[in-house]
>>> print(open('protein.cif').read())   # mmCIF, C-alpha atoms
data_my_file
loop_
_atom_site.group_PDB
_atom_site.id
_atom_site.type_symbol
_atom_site.label_atom_id
_atom_site.label_comp_id
_atom_site.auth_asym_id
_atom_site.auth_seq_id
_atom_site.Cartn_x
_atom_site.Cartn_y
_atom_site.Cartn_z
ATOM 1 C CA MET A 1 -10.491 -21.004 194.605
ATOM 2 C CA SER A 2 -13.797 -22.888 194.750
ATOM 3 C CA ASP A 3 -15.288 -24.651 191.701
ATOM 4 C CA LYS A 4 -17.884 -21.905 191.341
ATOM 5 C CA GLN A 5 -15.243 -19.187 191.397
ATOM 6 C CA ILE A 6 -13.143 -21.039 188.808
ATOM 7 C CA GLN A 7 -16.196 -21.593 186.566
ATOM 8 C CA TRP A 8 -17.118 -17.923 186.846
ATOM 9 C CA SER A 9 -13.533 -16.804 186.154
ATOM 10 C CA VAL A 10 -13.203 -19.110 183.125
ATOM 11 C CA GLY A 11 -16.445 -17.686 181.681
ATOM 12 C CA VAL A 12 -15.631 -14.032 182.329
ATOM 13 C CA LEU A 13 -12.005 -14.229 181.181
ATOM 14 C CA GLY A 14 -12.994 -16.304 178.137
ATOM 15 C CA THR A 15 -15.728 -13.879 177.100
ATOM 16 C CA LEU A 16 -13.428 -10.895 177.534
ATOM 17 C CA GLY A 17 -10.722 -12.812 175.650
ATOM 18 C CA VAL A 18 -12.997 -13.510 172.685
ATOM 19 C CA ALA A 19 -14.164 -9.863 172.615
ATOM 20 C CA THR A 20 -10.543 -8.659 172.632
ATOM 21 C CA VAL A 21 -9.611 -11.193 169.950
ATOM 22 C CA ILE A 22 -12.402 -9.820 167.718
ATOM 23 C CA LEU A 23 -11.136 -6.280 168.355
ATOM 24 C CA LEU A 24 -7.579 -7.400 167.566
ATOM 25 C CA HIS A 25 -8.622 -8.885 164.217
ATOM 26 C CA TRP A 26 -10.522 -5.754 163.286
ATOM 27 C CA MET A 27 -7.476 -3.627 164.152
ATOM 28 C CA VAL A 28 -5.036 -5.886 162.307
ATOM 29 C CA PHE A 29 -7.055 -6.153 159.094
ATOM 30 C CA PHE A 30 -8.942 -2.860 158.923
ATOM 31 C CA TRP A 31 -7.222 -0.245 161.080
ATOM 32 C CA VAL A 32 -3.457 -0.500 161.481
ATOM 33 C CA PRO A 33 -1.417 0.750 158.467
ATOM 34 C CA THR A 34 0.653 -1.621 156.370
ATOM 35 C CA GLU A 35 4.337 -1.571 157.265
ATOM 36 C CA SER A 36 6.349 0.018 154.434
ATOM 37 C CA SER A 37 9.297 -2.353 154.000
ATOM 38 C CA MET A 38 7.751 -5.816 154.540
ATOM 39 C CA GLY A 39 4.178 -5.088 153.488
ATOM 40 C CA ILE A 40 1.179 -7.154 154.507
ATOM 41 C CA VAL A 41 3.194 -10.046 155.927
ATOM 42 C CA GLN A 42 4.318 -7.830 158.832
ATOM 43 C CA ARG A 43 0.777 -8.304 160.234
ATOM 44 C CA ILE A 44 1.973 -11.680 161.544
ATOM 45 C CA PHE A 45 3.832 -9.582 164.158
ATOM 46 C CA TYR A 46 0.535 -8.961 166.026
ATOM 47 C CA ILE A 47 0.109 -12.674 166.805
ATOM 48 C CA HIS A 48 3.738 -13.829 166.742
ATOM 49 C CA VAL A 49 4.898 -11.573 169.593
ATOM 50 C CA PRO A 50 1.852 -12.240 171.860
ATOM 51 C CA ALA A 51 2.291 -16.001 171.257
ATOM 52 C CA TRP A 52 5.873 -15.835 172.540
ATOM 53 C CA TRP A 53 4.785 -13.647 175.466
ATOM 54 C CA ILE A 54 2.272 -16.319 176.537
ATOM 55 C CA ALA A 55 4.773 -19.123 175.919
ATOM 56 C CA PHE A 56 7.283 -17.433 178.226
ATOM 57 C CA LEU A 57 4.555 -16.668 180.782
ATOM 58 C CA GLY A 58 3.403 -20.307 180.728
ATOM 59 C CA PHE A 59 6.917 -21.715 181.103
ATOM 60 C CA GLY A 60 7.736 -19.060 183.717
ATOM 61 C CA LEU A 61 4.778 -20.353 185.741
ATOM 62 C CA VAL A 62 6.050 -23.911 185.266
ATOM 63 C CA GLY A 63 9.467 -22.949 186.658
ATOM 64 C CA LEU A 64 8.025 -21.038 189.611
ATOM 65 C CA CYS A 65 5.371 -23.627 190.514
ATOM 66 C CA SER A 66 7.812 -26.515 190.025
ATOM 67 C CA ALA A 67 10.390 -24.940 192.339
ATOM 68 C CA VAL A 68 7.821 -24.355 195.089
ATOM 69 C CA TYR A 69 6.310 -27.823 194.474
ATOM 70 C CA LEU A 70 9.707 -29.441 195.082
ATOM 71 C CA TRP A 71 10.009 -27.379 198.255
ATOM 72 C CA LEU A 72 6.497 -27.730 199.725
ATOM 73 C CA GLY A 73 5.118 -30.768 197.878
ATOM 74 C CA ASP A 74 1.717 -29.097 197.366
ATOM 75 C CA GLU A 75 -0.231 -30.935 194.631
ATOM 76 C CA ARG A 76 -1.976 -27.750 193.489
ATOM 77 C CA LEU A 77 1.375 -26.353 192.368
ATOM 78 C CA ASP A 78 2.032 -29.424 190.242
ATOM 79 C CA ARG A 79 -1.388 -29.004 188.611
ATOM 80 C CA ALA A 80 -0.651 -25.333 187.909
ATOM 81 C CA ALA A 81 2.734 -26.323 186.451
ATOM 82 C CA VAL A 82 1.096 -28.844 184.095
ATOM 83 C CA ALA A 83 -1.482 -26.268 182.954
ATOM 84 C CA GLY A 84 1.317 -23.734 182.370
ATOM 85 C CA ALA A 85 3.414 -26.299 180.489
ATOM 86 C CA GLU A 86 0.513 -27.186 178.168
ATOM 87 C CA ALA A 87 -0.064 -23.486 177.449
ATOM 88 C CA GLY A 88 3.656 -23.009 176.898
ATOM 89 C CA MET A 89 3.805 -25.888 174.426
ATOM 90 C CA VAL A 90 0.772 -24.651 172.471
ATOM 91 C CA PHE A 91 2.041 -21.083 172.206
ATOM 92 C CA THR A 92 5.676 -22.057 171.564
ATOM 93 C CA THR A 93 4.422 -24.202 168.683
ATOM 94 C CA ILE A 94 2.474 -21.190 167.417
ATOM 95 C CA GLY A 95 5.590 -19.011 167.665
ATOM 96 C CA LEU A 96 7.761 -21.615 165.928
ATOM 97 C CA LEU A 97 5.260 -22.001 163.058
ATOM 98 C CA THR A 98 4.283 -18.361 162.525
ATOM 99 C CA GLY A 99 7.912 -17.171 162.628
ATOM 100 C CA PRO A 100 8.986 -19.126 159.513
ATOM 101 C CA LEU A 101 5.860 -17.940 157.631
ATOM 102 C CA TRP A 102 7.026 -14.370 158.276
ATOM 103 C CA GLY A 103 10.731 -15.173 157.841
ATOM 104 C CA ARG A 104 10.206 -16.784 154.425
ATOM 105 C CA VAL A 105 9.053 -13.404 153.105
ATOM 106 C CA ALA A 106 11.224 -11.098 155.236
ATOM 107 C CA TRP A 107 14.482 -13.096 155.148
ATOM 108 C CA GLY A 108 13.923 -15.307 152.105
ATOM 109 C CA THR A 109 14.236 -18.506 154.148
ATOM 110 C CA TRP A 110 11.902 -20.660 156.241
ATOM 111 C CA TRP A 111 14.483 -21.500 158.872
ATOM 112 C CA GLU A 112 18.051 -20.607 159.860
ATOM 113 C CA TRP A 113 20.094 -22.337 162.557
ATOM 114 C CA GLU A 114 20.835 -18.995 164.174
ATOM 115 C CA PRO A 115 20.924 -18.444 167.977
ATOM 116 C CA ARG A 116 17.395 -17.245 168.753
ATOM 117 C CA LEU A 117 15.583 -19.740 166.538
ATOM 118 C CA THR A 118 17.746 -22.619 167.724
ATOM 119 C CA LEU A 119 17.297 -21.738 171.412
ATOM 120 C CA ALA A 120 13.528 -21.426 170.878
ATOM 121 C CA LEU A 121 13.435 -24.889 169.302
ATOM 122 C CA ILE A 122 15.479 -26.258 172.229
ATOM 123 C CA LEU A 123 12.881 -24.746 174.611
ATOM 124 C CA TRP A 124 10.129 -26.670 172.794
ATOM 125 C CA PHE A 125 12.075 -29.934 173.109
ATOM 126 C CA ILE A 126 12.827 -29.336 176.813
ATOM 127 C CA TYR A 127 9.107 -29.094 177.597
ATOM 128 C CA LEU A 128 8.323 -32.044 175.348
ATOM 129 C CA GLY A 129 10.724 -33.872 177.676
ATOM 130 C CA TYR A 130 8.750 -32.481 180.645
ATOM 131 C CA PHE A 131 5.636 -34.376 179.501
ATOM 132 C CA LEU A 132 7.526 -37.513 178.459
ATOM 133 C CA VAL A 133 9.255 -37.783 181.847
ATOM 134 C CA ARG A 134 5.952 -37.348 183.722
ATOM 135 C CA ARG A 135 4.502 -40.348 181.924
ATOM 136 C CA SER A 136 7.560 -42.590 181.781
ATOM 137 C CA THR A 137 8.078 -43.410 185.462
ATOM 138 C CA ALA A 138 6.412 -46.326 187.229
ATOM 139 C CA ASN A 139 5.791 -44.127 190.263
ATOM 140 C CA PRO A 140 3.697 -41.049 189.279
ATOM 141 C CA GLU A 141 4.977 -39.024 192.244
ATOM 142 C CA GLN A 142 8.549 -39.593 191.113
ATOM 143 C CA GLY A 143 7.581 -38.570 187.577
ATOM 144 C CA LYS A 144 6.155 -35.314 188.901
ATOM 145 C CA ARG A 145 9.393 -34.534 190.761
ATOM 146 C CA PHE A 146 11.591 -35.343 187.761
ATOM 147 C CA ALA A 147 9.343 -33.235 185.540
ATOM 148 C CA ALA A 148 9.544 -30.361 188.035
ATOM 149 C CA VAL A 149 13.350 -30.408 187.732
ATOM 150 C CA ILE A 150 13.083 -30.275 183.927
ATOM 151 C CA GLY A 151 10.533 -27.455 184.258
ATOM 152 C CA ILE A 152 13.035 -25.409 186.248
ATOM 153 C CA ILE A 153 15.919 -26.146 183.852
ATOM 154 C CA GLY A 154 13.757 -25.147 180.869
ATOM 155 C CA VAL A 155 13.067 -21.700 182.294
ATOM 156 C CA LEU A 156 16.794 -20.930 182.176
ATOM 157 C CA ASP A 157 16.541 -20.991 178.376
ATOM 158 C CA ILE A 158 14.103 -18.044 178.298
ATOM 159 C CA PRO A 159 16.564 -15.250 179.251
ATOM 160 C CA LEU A 160 19.055 -16.766 176.802
ATOM 161 C CA ILE A 161 16.454 -16.493 174.014
ATOM 162 C CA HIS A 162 15.836 -12.863 174.974
ATOM 163 C CA VAL A 163 19.491 -11.775 174.998
ATOM 164 C CA SER A 164 20.612 -13.963 172.072
ATOM 165 C CA VAL A 165 19.838 -11.245 169.527
ATOM 166 C CA THR A 166 22.032 -8.686 171.297
ATOM 167 C CA TRP A 167 24.838 -10.886 172.602
ATOM 168 C CA LEU A 168 25.253 -13.067 169.521
ATOM 169 C CA ARG A 169 25.218 -12.436 165.791
ATOM 170 C CA SER A 170 21.616 -13.143 164.860
ATOM 171 C CA LEU A 171 19.407 -12.954 161.793
ATOM 172 C CA HIS A 172 16.386 -12.305 164.009
ATOM 173 C CA PRO A 173 15.638 -8.593 164.554
ATOM 174 C CA GLN A 174 16.426 -7.091 167.956
ATOM 175 C CA ALA A 175 13.710 -6.585 170.576
ATOM 176 C CA VAL A 176 11.233 -3.855 169.657
ATOM 177 C CA ILE A 177 8.971 -3.815 172.716
ATOM 178 C CA LEU A 178 11.420 -4.811 175.464
ATOM 179 C CA SER A 179 14.393 -2.954 174.000
ATOM 180 C CA ALA A 180 16.567 -1.473 176.750
ATOM 181 C CA GLU A 181 17.662 1.508 174.651
ATOM 182 C CA ASN A 182 14.437 2.343 172.835
ATOM 183 C CA PRO A 183 11.390 0.569 174.306
ATOM 184 C CA MET A 184 8.142 0.443 172.295
ATOM 185 C CA ASN A 185 9.924 1.775 169.211
ATOM 186 C CA LEU A 186 6.759 1.502 167.106
ATOM 187 C CA GLU A 187 4.401 3.769 165.212
ATOM 188 C CA SER A 188 1.592 4.625 167.677
ATOM 189 C CA SER A 189 -1.226 2.644 165.994
ATOM 190 C CA MET A 190 1.088 -0.381 165.715
ATOM 191 C CA GLY A 191 1.917 0.004 169.399
ATOM 192 C CA VAL A 192 -1.786 0.060 170.330
ATOM 193 C CA THR A 193 -2.492 -2.994 168.133
ATOM 194 C CA ILE A 194 0.303 -5.062 169.638
ATOM 195 C CA GLY A 195 -0.940 -3.995 173.090
ATOM 196 C CA VAL A 196 -4.430 -5.294 172.261
ATOM 197 C CA GLY A 197 -2.840 -8.493 170.916
ATOM 198 C CA LEU A 198 -0.947 -9.036 174.163
ATOM 199 C CA LEU A 199 -4.129 -8.426 176.174
ATOM 200 C CA ALA A 200 -6.237 -10.750 173.980
ATOM 201 C CA PHE A 201 -3.767 -13.625 174.209
ATOM 202 C CA SER A 202 -3.347 -13.069 177.968
ATOM 203 C CA LEU A 203 -7.111 -13.290 178.558
ATOM 204 C CA VAL A 204 -7.475 -16.431 176.414
ATOM 205 C CA PHE A 205 -4.497 -17.949 178.240
ATOM 206 C CA ALA A 206 -5.892 -17.084 181.696
ATOM 207 C CA SER A 207 -9.276 -18.620 180.863
ATOM 208 C CA LEU A 208 -7.882 -21.873 179.445
ATOM 209 C CA PHE A 209 -5.179 -22.128 182.125
ATOM 210 C CA LEU A 210 -7.849 -22.011 184.850
ATOM 211 C CA ALA A 211 -10.036 -24.550 183.010
ATOM 212 C CA ARG A 212 -7.093 -26.946 182.621
ATOM 213 C CA TYR A 213 -6.102 -26.447 186.271
ATOM 214 C CA ALA A 214 -9.664 -27.232 187.404
ATOM 215 C CA VAL A 215 -9.883 -30.403 185.269
ATOM 216 C CA ALA A 216 -6.528 -31.595 186.650
ATOM 217 C CA GLY A 217 -7.990 -31.129 190.139
ATOM 218 C CA TYR A 218 -11.036 -33.284 189.343
ATOM 219 C CA GLU A 219 -8.799 -35.996 187.877
ATOM 220 C CA ARG A 220 -6.654 -35.960 191.002
ATOM 221 C CA GLU A 221 -9.713 -36.248 193.287
ATOM 222 C CA LEU A 222 -11.034 -39.230 191.313
ATOM 223 C CA ASP A 223 -7.614 -40.933 191.310
ATOM 224 C CA LEU A 224 -7.380 -40.524 195.084
ATOM 225 C CA ARG A 225 -10.907 -41.873 195.550
ATOM 226 C CA ASP A 226 -10.205 -44.867 193.297
ATOM 227 C CA ALA A 227 -6.982 -45.574 195.210
ATOM 228 C CA THR A 228 -8.856 -45.393 198.530
ATOM 229 C CA LEU A 229 -11.616 -47.714 197.259
ATOM 230 C CA ALA A 230 -9.034 -50.163 195.918
ATOM 231 C CA GLY A 231 -7.269 -50.180 199.300
ATOM 232 C CA THR A 232 -10.379 -50.995 201.320
ATOM 233 C CA MET B 233 -17.888 -29.361 189.702
ATOM 234 C CA MET B 234 -17.879 -27.349 186.466
ATOM 235 C CA ASP B 235 -21.040 -28.102 184.468
ATOM 236 C CA GLN B 236 -19.820 -29.872 181.336
ATOM 237 C CA LYS B 237 -22.842 -28.919 179.236
ATOM 238 C CA ARG B 238 -22.364 -25.259 180.035
ATOM 239 C CA PHE B 239 -18.638 -25.521 179.418
ATOM 240 C CA SER B 240 -19.252 -27.257 176.061
ATOM 241 C CA ARG B 241 -21.801 -24.620 175.008
ATOM 242 C CA TRP B 242 -19.417 -21.857 175.990
ATOM 243 C CA THR B 243 -16.593 -23.609 174.137
ATOM 244 C CA ALA B 244 -18.745 -23.987 171.002
ATOM 245 C CA PHE B 245 -19.558 -20.277 171.146
ATOM 246 C CA VAL B 246 -15.889 -19.345 171.547
ATOM 247 C CA LEU B 247 -14.853 -21.616 168.682
ATOM 248 C CA GLY B 248 -17.573 -20.251 166.405
ATOM 249 C CA VAL B 249 -16.402 -16.720 167.034
ATOM 250 C CA LEU B 250 -12.779 -17.688 166.517
ATOM 251 C CA LEU B 251 -13.572 -19.337 163.185
ATOM 252 C CA LEU B 252 -15.330 -16.162 162.116
ATOM 253 C CA GLN B 253 -12.041 -14.385 162.683
ATOM 254 C CA ALA B 254 -10.759 -15.733 159.402
ATOM 255 C CA SER B 255 -13.397 -13.706 157.562
ATOM 256 C CA PRO B 256 -11.400 -10.431 157.365
ATOM 257 C CA VAL B 257 -8.697 -12.295 155.460
ATOM 258 C CA TRP B 258 -11.180 -13.512 152.847
ATOM 259 C CA ALA B 259 -13.010 -10.189 152.834
ATOM 260 C CA GLN B 260 -9.877 -8.280 151.960
ATOM 261 C CA ALA B 261 -8.560 -10.554 149.246
ATOM 262 C CA GLY B 262 -8.513 -8.498 146.057
ATOM 263 C CA THR B 263 -9.330 -5.206 147.781
ATOM 264 C CA ALA B 264 -7.039 -2.203 147.914
ATOM 265 C CA LEU B 265 -5.636 -3.295 151.268
ATOM 266 C CA GLY B 266 -5.250 -6.848 150.027
ATOM 267 C CA GLN B 267 -3.163 -5.546 147.120
ATOM 268 C CA GLN B 268 -0.721 -3.834 149.491
ATOM 269 C CA THR B 269 1.396 -6.929 149.554
ATOM 270 C CA LEU B 270 4.382 -5.409 147.774
ATOM 271 C CA GLY B 271 4.492 -8.608 145.750
ATOM 272 C CA ARG B 272 4.561 -10.763 148.900
ATOM 273 C CA PRO B 273 2.440 -13.888 149.196
ATOM 274 C CA TYR B 274 -0.698 -13.005 151.139
ATOM 275 C CA TRP B 275 -1.422 -16.604 152.158
ATOM 276 C CA HIS B 276 1.402 -16.469 154.736
ATOM 277 C CA VAL B 277 -0.726 -14.121 156.860
ATOM 278 C CA PHE B 278 -3.811 -16.296 156.473
ATOM 279 C CA ALA B 279 -1.861 -19.451 157.357
ATOM 280 C CA ALA B 280 -0.288 -17.792 160.426
ATOM 281 C CA TYR B 281 -3.672 -16.670 161.822
ATOM 282 C CA ALA B 282 -5.232 -20.062 161.000
ATOM 283 C CA ILE B 283 -2.410 -21.876 162.829
ATOM 284 C CA VAL B 284 -2.957 -19.782 165.959
ATOM 285 C CA TRP B 285 -6.649 -20.532 166.253
ATOM 286 C CA LEU B 286 -6.398 -24.169 165.165
ATOM 287 C CA LEU B 287 -3.824 -24.881 167.867
ATOM 288 C CA VAL B 288 -5.822 -22.997 170.514
ATOM 289 C CA LEU B 289 -8.894 -24.942 169.342
ATOM 290 C CA GLY B 290 -6.927 -28.180 169.738
ATOM 291 C CA TRP B 291 -6.066 -27.255 173.327
ATOM 292 C CA VAL B 292 -9.710 -26.390 174.084
ATOM 293 C CA ILE B 293 -10.832 -29.763 172.653
ATOM 294 C CA SER B 294 -8.261 -31.615 174.760
ATOM 295 C CA ILE B 295 -9.538 -29.861 177.928
ATOM 296 C CA VAL B 296 -13.185 -30.670 177.044
ATOM 297 C CA ARG B 297 -12.297 -34.321 176.384
ATOM 298 C CA ARG B 298 -10.560 -34.577 179.755
ATOM 299 C CA LEU B 299 -13.610 -33.052 181.437
ATOM 300 C CA ARG B 300 -15.872 -35.541 179.631
ATOM 301 C CA ARG B 301 -13.713 -38.454 180.836
ATOM 302 C CA VAL B 302 -13.998 -37.142 184.407
ATOM 303 C CA GLU B 303 -17.799 -37.034 184.072
ATOM 304 C CA GLU B 304 -17.837 -40.564 182.627
ATOM 305 C CA ARG B 305 -15.813 -41.827 185.576
ATOM 306 C CA LEU B 306 -18.249 -40.127 187.950
ATOM 307 C CA GLY B 307 -21.186 -41.634 186.020
ATOM 308 C CA ASP B 308 -19.727 -45.156 186.310
ATOM 309 C CA GLU B 309 -19.885 -44.989 190.116
#
>>> encode(input="protein.cif", output="structure tokens")
Amino acid sequence: MSDKQIQWSVGVLGTLGVATVILLHWMVFFWVPTESSMGIVQRIFYIHVPAWWIAFLGFGLVGLCSAVYLWLGDERLDRAAVAGAEAGMVFTTIGLLTGPLWGRVAWGTWWEWEPRLTLALILWFIYLGYFLVRRSTANPEQGKRFAAVIGIIGVLDIPLIHVSVTWLRSLHPQAVILSAENPMNLESSMGVTIGVGLLAFSLVFASLFLARYAVAGYERELDLRDATLAGT
Amino acid sequence: MMDQKRFSRWTAFVLGVLLLQASPVWAQAGTALGQQTLGRPYWHVFAAYAIVWLLVLGWVISIVRRLRRVEERLGDE
């Protein structure tokens, strides 16, 4: 993608993202009915689930790009992996903070060391390690390769988080949207609202991912130019 | 290269709109819908939505700062 194409894509995706975010907020606060058992606090669902969707998408991209980077050594894949990892960290943090706000009301506790929550926290620490390893080696290229390995290992935690509620005894409710037996088991207006939430977060993610990827490219070009100038 | 001024203006617009998103929460406090809390604390919802957009805002700021550093490095040459 050329700079112009990236700039255009960031603008279009960002504008669409903001428009969808506005629509989402209108739907959440003025349109969708209040859930009968948990009340108003259930409205956290419409941001909590999309946040985890983007976190998994971001880390999924890290795993994929890291694996191909180790194979081909293409710098662009490393830049995409970093952009995906930053998105993953931001949205995992959102998921880890919004969950307890909901859980305090629904379960009566901020946090439980139960399988899904614990595995989600481990995921956050794995990708914290991804960034620490990148910066802790004397040779940046070596740091990128080590980080790529961590990026791949971290992805293995995602399916475990997904199945933890069915395979293990868990306080967290079972999957509602990706349930194998009864997918999208939601009242229709709630289903539409969560769909808009997923779209809004995806558009915001796509816009910021591309912007971060582009900036990483500029930084790389300047580093290479500085290294060339220093060598001459 | 991406024009930093345009990117900053676009970012400011996005952030302004995102901050406005908190308004439905304030608008509904004390209304019939706001009272449908079944005795649950309403601030949990407000805090959750605020956390989302503050963290996204933080990421946007970090990207803009990186872009600014790139432009400063270009300007030094």
>>> resolve_selection(input="protein.cif", expression="the PyMOL selection byres ((chain B and resi 293-297) around 9)", output="JSON, numbers by chain")
{"A": [208, 211, 212, 215], "B": [236, 239, 240, 243, 288, 289, 290, 291, 292, 298, 299, 300, 301, 302]}
>>> resolve_selection(input="protein.cif", expression="the PyMOL selection byres ((chain A and resi 5-9) around 8)", output="list of chain:residue names")
A:Met1, A:Ser2, A:Asp3, A:Lys4, A:Val10, A:Gly11, A:Val12, A:Leu13, A:Ser207, A:Leu210, A:Ala211, A:Ala214, B:Met234
>>> write_last_selection(input="protein.cif", atoms="C-alpha atoms", output="CSV table (one decimal), keeping the file's coordinate frame")
chain,number,residue,atom,x,y,z
A,1,MET,CA,-10.5,-21.0,194.6
A,2,SER,CA,-13.8,-22.9,194.8
A,3,ASP,CA,-15.3,-24.7,191.7
A,4,LYS,CA,-17.9,-21.9,191.3
A,10,VAL,CA,-13.2,-19.1,183.1
A,11,GLY,CA,-16.4,-17.7,181.7
A,12,VAL,CA,-15.6,-14.0,182.3
A,13,LEU,CA,-12.0,-14.2,181.2
A,207,SER,CA,-9.3,-18.6,180.9
A,210,LEU,CA,-7.8,-22.0,184.8
A,211,ALA,CA,-10.0,-24.6,183.0
A,214,ALA,CA,-9.7,-27.2,187.4
B,234,MET,CA,-17.9,-27.3,186.5
>>> atom_distance(input="protein.cif", atom1="atom CA of Trp71 of chain A", atom2="atom CA of Glu219 of chain A")
23.1 Å
>>> resolve_selection(input="protein.cif", expression="the PyMOL selection byres ((chain A and resi 41-49) around 9)", output="MDAnalysis selection string")
(chainID A and resid 24 28:29 32 34:35 37:40 50:54 94:96 98:99 101:102 105:106 190 193:198 201) or (chainID B and resid 269 272:278 280:281 284)
>>> closest_residue(input="protein.cif", among="B:Gly307, B:Lys237, B:Gly248, B:Ile283", to="chain A", atoms="only C-alpha atoms")
B:Ile283
>>> atom_distance(input="protein.cif", atom1="atom CA of Thr137 of chain A", atom2="atom CA of Phe125 of chain A")
18.7 Å
>>> atom_distance(input="protein.cif", atom1="atom CA of Tyr218 of chain A", atom2="atom CA of Gly73 of chain A")
18.4 Å
>>> closest_residue(input="protein.cif", among="A:Leu128, A:Val21, A:Ala81, A:Ala67", to="Trp285 of chain B", atoms="only C-alpha atoms")
A:Val21
>>> residues_around(input="protein.cif", residues="Ile150 of chain A", least_positions_apart="3", cutoff="10 Å", atoms="all atoms listed in the file", output="ChimeraX atom specification")
/A:62-63,66,126-131,133,144-147,153-155
>>> axis_aligned_box(input="protein.cif", around="segment 284-297 of chain B", padding_each_side="3 Å", output="lines of an AutoDock Vina configuration file")
center_x = -8.1
center_y = -27.1
center_z = 171.5
size_x = 16.2
size_y = 20.5
size_z = 18.8
>>> closest_residue(input="protein.cif", among="A:Ile161, A:Asn139, A:Thr228, A:Phe209", to="chain B", atoms="only C-alpha atoms")
A:Phe209
>>> build_atoms(input="protein.cif", residues="segment 210-223 of chain A", atoms="N, CA, C and O atoms", output="PDB file, keeping the file's coordinate frame")
ATOM      1  N   LEU A 210      -6.990 -21.705 183.698  1.00  0.00           N
ATOM      2  CA  LEU A 210      -7.849 -22.011 184.850  1.00  0.00           C
ATOM      3  C   LEU A 210      -8.704 -23.256 184.588  1.00  0.00           C
ATOM      4  O   LEU A 210      -8.882 -24.086 185.484  1.00  0.00           O
ATOM      5  N   ALA A 211      -9.226 -23.374 183.352  1.00  0.00           N
ATOM      6  CA  ALA A 211     -10.036 -24.550 183.010  1.00  0.00           C
ATOM      7  C   ALA A 211      -9.195 -25.820 183.117  1.00  0.00           C
ATOM      8  O   ALA A 211      -9.626 -26.821 183.697  1.00  0.00           O
ATOM      9  N   ARG A 212      -7.981 -25.765 182.585  1.00  0.00           N
ATOM     10  CA  ARG A 212      -7.093 -26.946 182.621  1.00  0.00           C
ATOM     11  C   ARG A 212      -6.706 -27.287 184.061  1.00  0.00           C
ATOM     12  O   ARG A 212      -6.638 -28.464 184.437  1.00  0.00           O
ATOM     13  N   TYR A 213      -6.455 -26.256 184.857  1.00  0.00           N
ATOM     14  CA  TYR A 213      -6.102 -26.447 186.271  1.00  0.00           C
ATOM     15  C   TYR A 213      -7.260 -27.119 187.014  1.00  0.00           C
ATOM     16  O   TYR A 213      -7.059 -28.052 187.802  1.00  0.00           O
ATOM     17  N   ALA A 214      -8.489 -26.666 186.737  1.00  0.00           N
ATOM     18  CA  ALA A 214      -9.664 -27.232 187.404  1.00  0.00           C
ATOM     19  C   ALA A 214      -9.846 -28.696 187.022  1.00  0.00           C
ATOM     20  O   ALA A 214     -10.077 -29.553 187.883  1.00  0.00           O
ATOM     21  N   VAL A 215      -9.705 -29.018 185.726  1.00  0.00           N
ATOM     22  CA  VAL A 215      -9.883 -30.403 185.269  1.00  0.00           C
ATOM     23  C   VAL A 215      -8.823 -31.307 185.910  1.00  0.00           C
ATOM     24  O   VAL A 215      -9.124 -32.430 186.336  1.00  0.00           O
ATOM     25  N   ALA A 216      -7.591 -30.800 186.009  1.00  0.00           N
ATOM     26  CA  ALA A 216      -6.528 -31.595 186.650  1.00  0.00           C
ATOM     27  C   ALA A 216      -6.888 -31.876 188.103  1.00  0.00           C
ATOM     28  O   ALA A 216      -6.583 -32.956 188.632  1.00  0.00           O
ATOM     29  N   GLY A 217      -7.550 -30.936 188.757  1.00  0.00           N
ATOM     30  CA  GLY A 217      -7.990 -31.129 190.139  1.00  0.00           C
ATOM     31  C   GLY A 217      -9.036 -32.226 190.250  1.00  0.00           C
ATOM     32  O   GLY A 217      -8.971 -33.079 191.143  1.00  0.00           O
ATOM     33  N   TYR A 218     -10.000 -32.237 189.327  1.00  0.00           N
ATOM     34  CA  TYR A 218     -11.036 -33.284 189.343  1.00  0.00           C
ATOM     35  C   TYR A 218     -10.412 -34.657 189.121  1.00  0.00           C
ATOM     36  O   TYR A 218     -10.773 -35.640 189.768  1.00  0.00           O
ATOM     37  N   GLU A 219      -9.462 -34.718 188.165  1.00  0.00           N
ATOM     38  CA  GLU A 219      -8.799 -35.996 187.877  1.00  0.00           C
ATOM     39  C   GLU A 219      -8.060 -36.509 189.116  1.00  0.00           C
ATOM     40  O   GLU A 219      -8.123 -37.690 189.444  1.00  0.00           O
ATOM     41  N   ARG A 220      -7.407 -35.597 189.794  1.00  0.00           N
ATOM     42  CA  ARG A 220      -6.654 -35.960 191.002  1.00  0.00           C
ATOM     43  C   ARG A 220      -7.599 -36.488 192.092  1.00  0.00           C
ATOM     44  O   ARG A 220      -7.316 -37.498 192.726  1.00  0.00           O
ATOM     45  N   GLU A 221      -8.737 -35.815 192.272  1.00  0.00           N
ATOM     46  CA  GLU A 221      -9.713 -36.248 193.287  1.00  0.00           C
ATOM     47  C   GLU A 221     -10.230 -37.643 192.976  1.00  0.00           C
ATOM     48  O   GLU A 221     -10.344 -38.488 193.868  1.00  0.00           O
ATOM     49  N   LEU A 222     -10.523 -37.907 191.699  1.00  0.00           N
ATOM     50  CA  LEU A 222     -11.034 -39.230 191.313  1.00  0.00           C
ATOM     51  C   LEU A 222      -9.965 -40.306 191.491  1.00  0.00           C
ATOM     52  O   LEU A 222     -10.266 -41.410 191.944  1.00  0.00           O
ATOM     53  N   ASP A 223      -8.706 -39.963 191.130  1.00  0.00           N
ATOM     54  CA  ASP A 223      -7.614 -40.933 191.310  1.00  0.00           C
ATOM     55  C   ASP A 223      -7.458 -41.300 192.781  1.00  0.00           C
ATOM     56  O   ASP A 223      -7.289 -42.475 193.131  1.00  0.00           O
TER      57      ASP A 223
END
